[in-house]
>>> print(open('final_2.cif').read())   # mmCIF, C-alpha atoms
data_coords
loop_
_atom_site.label_atom_id
_atom_site.label_comp_id
_atom_site.auth_asym_id
_atom_site.auth_seq_id
_atom_site.Cartn_x
_atom_site.Cartn_y
_atom_site.Cartn_z
CA MET A 1 4.15 4.67 0.16
CA ARG A 2 1.95 2.65 2.51
CA TYR A 3 3.28 0.94 5.62
CA TYR A 4 1.80 -1.33 8.31
CA ILE A 5 2.60 -2.01 11.97
CA SER A 6 0.81 -3.25 15.09
CA ASP A 7 0.79 -3.19 18.89
CA LEU A 8 3.08 -0.28 19.61
CA HIS A 9 1.46 0.13 23.04
CA TYR A 10 2.68 3.62 23.85
CA PHE A 11 2.38 4.32 27.61
CA HIS A 12 2.03 0.61 28.45
CA GLU A 13 4.79 0.21 31.00
CA GLY A 14 3.84 -3.36 31.89
CA LEU A 15 4.67 -4.64 28.41
CA ASN A 16 8.20 -3.27 28.70
CA GLU A 17 8.78 -5.22 31.91
CA ARG A 18 6.55 -8.29 31.33
CA MET A 19 5.09 -10.26 28.39
CA ASP A 20 7.03 -8.48 25.64
CA CYS A 21 10.03 -7.80 27.90
CA ARG A 22 11.10 -5.00 25.58
CA GLY A 23 14.09 -4.12 27.71
CA PHE A 24 13.97 -0.33 27.66
CA GLN A 25 15.15 1.58 30.72
CA ASP A 26 11.76 3.27 31.09
CA LEU A 27 8.72 4.45 29.12
CA GLU A 28 10.45 7.61 27.90
CA ALA A 29 13.29 5.58 26.43
CA MET A 30 10.81 3.22 24.75
CA HIS A 31 8.82 6.11 23.31
CA GLU A 32 11.85 7.94 21.96
CA TYR A 33 13.21 4.80 20.30
CA MET A 34 9.88 3.91 18.67
CA ILE A 35 9.34 7.46 17.42
CA ARG A 36 12.86 7.58 16.00
CA ARG A 37 12.48 4.22 14.25
CA TRP A 38 9.12 5.28 12.75
CA ASN A 39 10.44 8.59 11.45
CA GLN A 40 13.58 7.01 10.00
CA LYS A 41 11.32 5.13 7.60
CA VAL A 42 8.14 7.14 7.15
CA ARG A 43 8.12 10.38 5.19
CA PRO A 44 5.49 13.14 5.63
CA ASN A 45 3.50 12.04 2.55
CA ASP A 46 3.46 8.34 3.45
CA GLU A 47 0.57 6.37 4.96
CA VAL A 48 0.79 4.06 7.97
CA VAL A 49 -1.93 1.61 8.96
CA VAL A 50 -1.65 0.72 12.65
CA LEU A 51 -3.32 -2.64 13.27
CA GLY A 52 -4.50 -1.84 16.77
CA ASP A 53 -3.20 -1.05 20.25
CA LEU A 54 -1.47 2.16 19.29
CA SER A 55 -1.54 3.67 22.77
CA MET A 56 -2.53 2.94 26.35
CA GLY A 57 -2.19 6.64 27.16
CA LYS A 58 -4.87 9.22 27.74
CA GLY A 59 -6.12 11.51 25.00
CA ARG A 60 -3.66 14.38 25.46
CA GLU A 61 -0.70 12.05 25.90
CA THR A 62 -1.56 10.20 22.70
CA ASN A 63 -2.01 13.51 20.87
CA GLU A 64 1.58 14.39 21.71
CA ILE A 65 2.91 11.11 20.34
CA LEU A 66 0.93 11.33 17.09
CA GLN A 67 2.04 14.93 16.52
CA ARG A 68 5.65 13.68 16.43
CA LEU A 69 5.06 10.84 13.96
CA ASN A 70 5.58 11.37 10.23
CA GLY A 71 2.92 10.45 7.69
CA THR A 72 -0.84 9.97 7.75
CA VAL A 73 -2.02 7.46 10.34
CA TYR A 74 -4.93 5.05 9.90
CA LEU A 75 -6.04 2.89 12.82
CA ILE A 76 -7.67 -0.51 13.04
CA ARG A 77 -9.15 -0.38 16.52
CA GLY A 78 -7.44 -2.58 19.11
CA ASN A 79 -8.74 -3.74 22.46
CA HIS A 80 -6.43 -1.30 24.31
CA ASP A 81 -7.12 1.85 22.26
CA ARG A 82 -9.22 3.46 25.00
CA PHE A 83 -7.84 6.92 24.23
CA LEU A 84 -10.36 7.04 21.38
CA ASN A 85 -13.13 7.58 23.96
CA ASP A 86 -11.28 10.41 25.71
CA ARG A 87 -12.89 13.74 24.82
CA ARG A 88 -9.44 15.36 24.90
CA PHE A 89 -8.16 13.18 22.07
CA ASP A 90 -7.77 15.04 18.78
CA HIS A 91 -9.42 12.72 16.23
CA SER A 92 -8.07 14.81 13.36
CA LEU A 93 -4.65 13.22 14.03
CA ILE A 94 -5.89 9.90 12.60
CA ARG A 95 -7.43 9.78 9.11
CA TRP A 96 -9.88 7.02 10.02
CA VAL A 97 -10.55 4.45 12.74
CA LYS A 98 -12.18 1.14 11.79
CA ASP A 99 -12.65 -2.29 13.31
CA TYR A 100 -11.99 -4.05 9.99
CA GLU A 101 -10.99 -3.02 6.49
CA GLU A 102 -10.04 -4.45 3.11
CA LEU A 103 -7.66 -2.44 0.92
CA LYS A 104 -5.83 -2.84 -2.36
CA ASP A 105 -2.03 -2.77 -2.26
CA ASN A 106 -0.37 -3.08 -5.67
CA LYS A 107 -3.31 -5.11 -7.05
CA ARG A 108 -3.38 -7.40 -4.01
CA LYS A 109 -6.17 -7.55 -1.47
CA VAL A 110 -5.13 -6.80 2.09
CA ILE A 111 -7.36 -7.90 4.95
CA LEU A 112 -6.85 -5.69 8.01
CA SER A 113 -7.89 -6.73 11.51
CA HIS A 114 -6.44 -6.36 14.99
CA TYR A 115 -7.26 -10.02 15.60
CA PRO A 116 -6.04 -12.89 13.37
CA ILE A 117 -8.79 -14.19 11.07
CA PHE A 118 -8.26 -17.86 10.22
CA CYS A 119 -10.78 -18.02 7.38
CA TYR A 120 -10.28 -14.62 5.75
CA ASN A 121 -11.78 -13.28 2.55
CA GLY A 122 -9.86 -14.50 -0.50
CA GLN A 123 -7.76 -17.07 1.37
CA TYR A 124 -7.94 -19.49 -1.57
CA ARG A 125 -7.38 -16.92 -4.31
CA THR A 126 -4.21 -16.97 -6.42
CA ASP A 127 -3.13 -15.25 -9.62
CA GLN A 128 -2.37 -17.10 -12.86
CA ASP A 129 1.15 -17.85 -11.60
CA GLY A 130 -0.10 -19.34 -8.35
CA ASN A 131 0.82 -16.36 -6.17
CA PRO A 132 -1.57 -15.33 -3.36
CA ARG A 133 -4.00 -12.56 -4.19
CA SER A 134 -5.08 -11.88 -0.60
CA TYR A 135 -3.03 -11.21 2.54
CA MET A 136 -4.34 -11.20 6.12
CA LEU A 137 -2.50 -8.67 8.32
CA TYR A 138 -3.11 -8.84 12.05
CA GLY A 139 -1.72 -8.05 15.50
CA HIS A 140 -2.96 -8.62 19.07
CA VAL A 141 -1.11 -11.87 19.83
CA HIS A 142 2.38 -10.30 19.97
CA ASN A 143 5.01 -13.08 20.20
CA THR A 144 3.07 -15.35 22.55
CA PHE A 145 1.77 -18.92 22.61
CA ASP A 146 -1.24 -17.68 20.64
CA GLU A 147 1.14 -16.76 17.80
CA GLN A 148 2.48 -20.31 17.90
CA LEU A 149 -1.09 -21.58 17.48
CA VAL A 150 -1.59 -19.27 14.49
CA ASP A 151 1.66 -20.54 13.00
CA ALA A 152 0.54 -24.16 13.44
CA PHE A 153 -2.73 -23.36 11.66
CA ILE A 154 -0.88 -21.70 8.78
CA LYS A 155 1.45 -24.66 8.41
CA GLN A 156 -1.39 -27.20 8.40
CA THR A 157 -3.50 -25.13 6.00
CA ARG A 158 -0.66 -24.68 3.52
CA ALA A 159 -0.09 -28.44 3.59
CA SER A 160 -3.72 -28.98 2.53
CA GLU A 161 -4.63 -29.13 -1.15
CA ARG A 162 -7.94 -28.03 -2.59
CA MET A 163 -9.40 -27.11 -5.95
CA ILE A 164 -8.78 -23.37 -6.03
CA TYR A 165 -10.88 -20.93 -8.04
CA GLY A 166 -9.42 -20.39 -11.52
CA ALA A 167 -7.13 -23.45 -11.36
CA ASP A 168 -7.59 -26.69 -13.29
CA GLU A 169 -6.02 -28.89 -10.62
CA VAL A 170 -5.76 -29.09 -6.85
CA ARG A 171 -3.26 -26.73 -5.26
CA PRO A 172 -2.01 -25.94 -1.75
CA ILE A 173 -4.03 -23.27 0.05
CA PRO A 174 -1.91 -20.06 0.12
CA CYS A 175 -3.00 -18.90 3.62
CA VAL A 176 -0.81 -15.82 4.04
CA MET A 177 -1.41 -14.48 7.55
CA ILE A 178 1.15 -11.93 8.69
CA ASN A 179 1.63 -10.76 12.26
CA CYS A 180 2.73 -7.11 12.00
CA PHE A 181 3.88 -6.99 15.63
CA CYS A 182 6.19 -4.00 16.07
CA MET A 183 8.99 -6.00 17.72
CA PHE A 184 9.25 -8.24 14.64
CA SER A 185 10.36 -5.19 12.62
CA ASP A 186 12.37 -3.47 15.38
CA TYR A 187 9.50 -0.98 15.80
CA GLN A 188 9.60 0.20 12.20
CA PRO A 189 6.54 0.26 9.90
CA LEU A 190 7.04 -1.93 6.80
CA THR A 191 5.48 -2.15 3.36
CA LEU A 192 3.43 -5.21 2.42
CA ASP A 193 6.35 -6.68 0.47
CA GLU A 194 8.70 -6.07 3.40
CA TRP A 195 6.27 -7.77 5.79
CA ILE A 196 5.91 -10.74 3.43
CA LYS A 197 9.69 -11.21 3.47
CA ASN A 198 9.94 -10.56 7.21
CA ASP A 199 7.18 -13.03 7.99
CA LYS A 200 8.61 -15.79 5.80
CA GLU A 201 12.09 -15.50 7.30
CA ARG A 202 10.77 -15.31 10.88
CA ARG A 203 8.52 -18.36 10.59
CA GLU A 204 11.21 -20.43 8.88
CA GLN A 205 13.72 -19.50 11.57
CA SER A 206 11.31 -20.30 14.42
CA ARG A 207 10.55 -23.74 12.95
CA GLN A 208 14.26 -24.52 12.65
CA ILE A 209 14.73 -23.65 16.33
CA VAL A 210 11.88 -25.96 17.33
#
>>> encode(input="final_2.cif", output="structure tokens")
Amino acid sequence: MRYYISDLHYFHEGLNERMDCRGFQDLEAMHEYMIRRWNQKVRPNDEVVVLGDLSMGKGRETNEILQRLNGTVYLIRGNHDRFLNDRRFDHSLIRWVKDYEELKDNKRKVILSHYPIFCYNGQYRTDQDGNPRSYMLYGHVHNTFDEQLVDAFIKQTRASERMIYGADEVRPIPCVMINCFCMFSDYQPLTLDEWIKNDKERREQSRQIV
């Protein structure tokens, strides 16, 4: 099974107290909760793609966290993943580290980037039933004003109709951009299908509140 998650920010005390306001008593409590939530879902043979900002800790500290996490970890490099340059970090704990990747997930293309990509590869593509064929998974913006801007772009793009490849009439642009921010899933990695459901419910709920 393959899972995705973003912006865990181990060892980033400031995010617990400001910006994210995660509400944990201290870093140790945050770490223990996130590790427990991860391991409740992920089995040893599973894969987890972290979409950046895994850890603000030093190399040895991050080693200790990764050694406690189930599954094989893949990392899309985030702007805070400075532990990667620490000579004491054990790179064997992560299968690969990339700035960008495109994978197949149950015959669907998945675009992986720490930063949201507004015009991503395959954005217009749909299958014969009109379902999206490409999904853009991102992180970085957490639950901030920038995420509201992304949501506004998604809404406007989906309201636009264009002649889509393989269709014989104009159709709405699918534009499926999913923020895999860890707090949106209560710090638990999710499958692509779980993120699709999570994202749809979250965006609908936020628009009703507005």
>>> residues_around(input="final_2.cif", residues="Lys155 (chain A)", least_positions_apart="5", cutoff="9 Å", atoms="only C-alpha atoms", output="VMD selection string")
chain A and resid 150 160 175
>>> resolve_selection(input="final_2.cif", expression="the PyMOL selection byres ((chain A and resi 120-126) around 8)", output="PyMOL selection string")
chain A and resi 109+111+117-119+127-136+164-165+173-176
>>> atom_distance(input="final_2.cif", atom1="CA of Glu61 (chain A)", atom2="CA of His91 (chain A)")
13.0 Å
>>> closest_atom_pairs(input="final_2.cif", of="region 54-151 of chain A", to="region 20-25 of chain A", cutoff="12 Å", atoms="all atoms listed in the file", output="tab-separated table")
residue	atom	partner	partner_atom	distance
A:His140	CA	A:Asp20	CA	12.0
A:Val141	CA	A:Asp20	CA	10.6
A:His142	CA	A:Asp20	CA	7.6
A:Asn143	CA	A:Asp20	CA	7.4
A:Thr144	CA	A:Asp20	CA	8.5
>>> closest_atom_pairs(input="final_2.cif", of="region 146-184 of chain A", to="region 40-55 of chain A", cutoff="10 Å", atoms="all atoms listed in the file", output="tab-separated table")
residue	atom	partner	partner_atom	distance
A:Asn179	CA	A:Leu51	CA	9.6
A:Cys180	CA	A:Leu51	CA	7.6
A:Phe181	CA	A:Leu51	CA	8.7
A:Cys182	CA	A:Val50	CA	9.8
>>> atom_distance(input="final_2.cif", atom1="CA of Asp26 (chain A)", atom2="CA of Phe83 (chain A)")
21.1 Å
>>> closest_residue(input="final_2.cif", among="A:Glu28, A:Glu13, A:Asp7, A:Glu64", to="Phe184 (chain A)", atoms="only C-alpha atoms")
A:Asp7
>>> atom_distance(input="final_2.cif", atom1="CA of Phe89 (chain A)", atom2="CA of Arg18 (chain A)")
27.6 Å
>>> closest_atom_pairs(input="final_2.cif", of="region 2-44 of chain A", to="region 66-69 of chain A", cutoff="8 Å", atoms="all atoms listed in the file", output="CSV")
residue,atom,partner,partner_atom,distance
A:Ile35,CA,A:Leu69,CA,6.5
A:Trp38,CA,A:Leu69,CA,7.0
A:Asn39,CA,A:Leu69,CA,6.3
>>> closest_residue(input="final_2.cif", among="A:Asn79, A:Pro116, A:Val73, A:Asn198", to="Val97 (chain A)", atoms="all atoms listed in the file")
A:Val73
>>> axis_aligned_box(input="final_2.cif", around="region 123-140 of chain A", padding_each_side="6 Å", output="AutoDock Vina command-line options")
--center_x -3.4 --center_y -13.8 --center_z 3.1 --size_x 21.1 --size_y 23.4 --size_z 43.9
>>> closest_residue(input="final_2.cif", among="A:Arg171, A:His9, A:Lys104, A:Lys197", to="Arg158 (chain A)", atoms="all atoms listed in the file")
A:Arg171
>>> resolve_selection(input="final_2.cif", expression="the PyMOL selection byres ((chain A and resi 98) around 12)", output="JSON, numbers by chain")
{"A": [49, 50, 51, 52, 74, 75, 76, 77, 78, 81, 84, 94, 95, 96, 97, 99, 100, 101, 102, 112, 113, 114]}
>>> resolve_selection(input="final_2.cif", expression="the PyMOL selection byres ((chain A and resi 88) around 8)", output="ChimeraX atom specification")
/A:59-60,86-87,89-90
>>> build_atoms(input="final_2.cif", residues="region 177-209 of chain A", atoms="N, CA and C atoms", output="CSV table (one decimal), in the frame of the given file")
chain,number,residue,atom,x,y,z
A,177,MET,N,-1.0,-15.3,6.4
A,177,MET,CA,-1.4,-14.5,7.6
A,177,MET,C,-0.1,-13.9,8.1
A,178,ILE,N,-0.1,-12.6,8.3
A,178,ILE,CA,1.2,-11.9,8.7
A,178,ILE,C,0.9,-11.1,10.0
A,179,ASN,N,1.7,-11.5,11.0
A,179,ASN,CA,1.6,-10.8,12.3
A,179,ASN,C,2.5,-9.5,12.2
A,180,CYS,N,2.0,-8.3,12.2
A,180,CYS,CA,2.7,-7.1,12.0
A,180,CYS,C,3.2,-6.5,13.3
A,181,PHE,N,3.4,-7.4,14.3
A,181,PHE,CA,3.9,-7.0,15.6
A,181,PHE,C,5.1,-6.1,15.5
A,182,CYS,N,5.1,-5.0,16.2
A,182,CYS,CA,6.2,-4.0,16.1
A,182,CYS,C,7.6,-4.5,16.4
A,183,MET,N,7.7,-5.5,17.3
A,183,MET,CA,9.0,-6.0,17.7
A,183,MET,C,9.6,-6.9,16.6
A,184,PHE,N,8.7,-7.4,15.7
A,184,PHE,CA,9.2,-8.2,14.6
A,184,PHE,C,10.0,-7.4,13.6
A,185,SER,N,9.7,-6.1,13.6
A,185,SER,CA,10.4,-5.2,12.6
A,185,SER,C,11.2,-4.2,13.3
A,186,ASP,N,11.6,-4.4,14.6
A,186,ASP,CA,12.4,-3.5,15.4
A,186,ASP,C,11.7,-2.1,15.4
A,187,TYR,N,10.3,-2.2,15.6
A,187,TYR,CA,9.5,-1.0,15.8
A,187,TYR,C,9.4,-0.1,14.6
A,188,GLN,N,9.7,-0.6,13.4
A,188,GLN,CA,9.6,0.2,12.2
A,188,GLN,C,8.5,-0.3,11.3
A,189,PRO,N,7.6,0.6,10.9
A,189,PRO,CA,6.5,0.3,9.9
A,189,PRO,C,7.2,-0.3,8.6
A,190,LEU,N,6.5,-1.3,8.0
A,190,LEU,CA,7.0,-1.9,6.8
A,190,LEU,C,6.0,-1.9,5.7
A,191,THR,N,6.4,-2.0,4.5
A,191,THR,CA,5.5,-2.2,3.4
A,191,THR,C,5.0,-3.6,3.3
A,192,LEU,N,4.0,-3.8,2.5
A,192,LEU,CA,3.4,-5.2,2.4
A,192,LEU,C,4.5,-6.2,2.0
A,193,ASP,N,5.3,-5.8,1.0
A,193,ASP,CA,6.4,-6.7,0.5
A,193,ASP,C,7.4,-6.9,1.5
A,194,GLU,N,7.7,-5.9,2.3
A,194,GLU,CA,8.7,-6.1,3.4
A,194,GLU,C,8.2,-7.0,4.5
A,195,TRP,N,6.9,-6.9,4.8
A,195,TRP,CA,6.3,-7.8,5.8
A,195,TRP,C,6.2,-9.2,5.3
A,196,ILE,N,5.9,-9.4,4.0
A,196,ILE,CA,5.9,-10.7,3.4
A,196,ILE,C,7.3,-11.4,3.6
A,197,LYS,N,8.3,-10.7,3.3
A,197,LYS,CA,9.7,-11.2,3.5
A,197,LYS,C,10.0,-11.4,4.9
A,198,ASN,N,9.7,-10.5,5.8
A,198,ASN,CA,9.9,-10.6,7.2
A,198,ASN,C,9.2,-11.8,7.8
A,199,ASP,N,8.0,-11.9,7.5
A,199,ASP,CA,7.2,-13.0,8.0
A,199,ASP,C,7.7,-14.4,7.6
A,200,LYS,N,8.1,-14.5,6.3
A,200,LYS,CA,8.6,-15.8,5.8
A,200,LYS,C,9.9,-16.2,6.5
A,201,GLU,N,10.8,-15.2,6.7
A,201,GLU,CA,12.1,-15.5,7.3
A,201,GLU,C,11.9,-15.8,8.8
A,202,ARG,N,11.0,-15.1,9.4
A,202,ARG,CA,10.8,-15.3,10.9
A,202,ARG,C,10.2,-16.7,11.1
A,203,ARG,N,9.2,-17.1,10.4
A,203,ARG,CA,8.5,-18.4,10.6
A,203,ARG,C,9.5,-19.5,10.3
A,204,GLU,N,10.3,-19.4,9.2
A,204,GLU,CA,11.2,-20.4,8.9
A,204,GLU,C,12.2,-20.6,10.0
A,205,GLN,N,12.7,-19.5,10.5
A,205,GLN,CA,13.7,-19.5,11.6
A,205,GLN,C,13.1,-20.1,12.8
A,206,SER,N,11.9,-19.8,13.2
A,206,SER,CA,11.3,-20.3,14.4
A,206,SER,C,11.1,-21.8,14.3
A,207,ARG,N,10.8,-22.3,13.1
A,207,ARG,CA,10.6,-23.7,13.0
A,207,ARG,C,11.9,-24.5,13.0
A,208,GLN,N,12.9,-23.9,12.6
A,208,GLN,CA,14.3,-24.5,12.6
A,208,GLN,C,14.7,-24.6,14.1
A,209,ILE,N,14.4,-23.6,14.9
A,209,ILE,CA,14.7,-23.6,16.3
A,209,ILE,C,14.0,-24.8,17.0
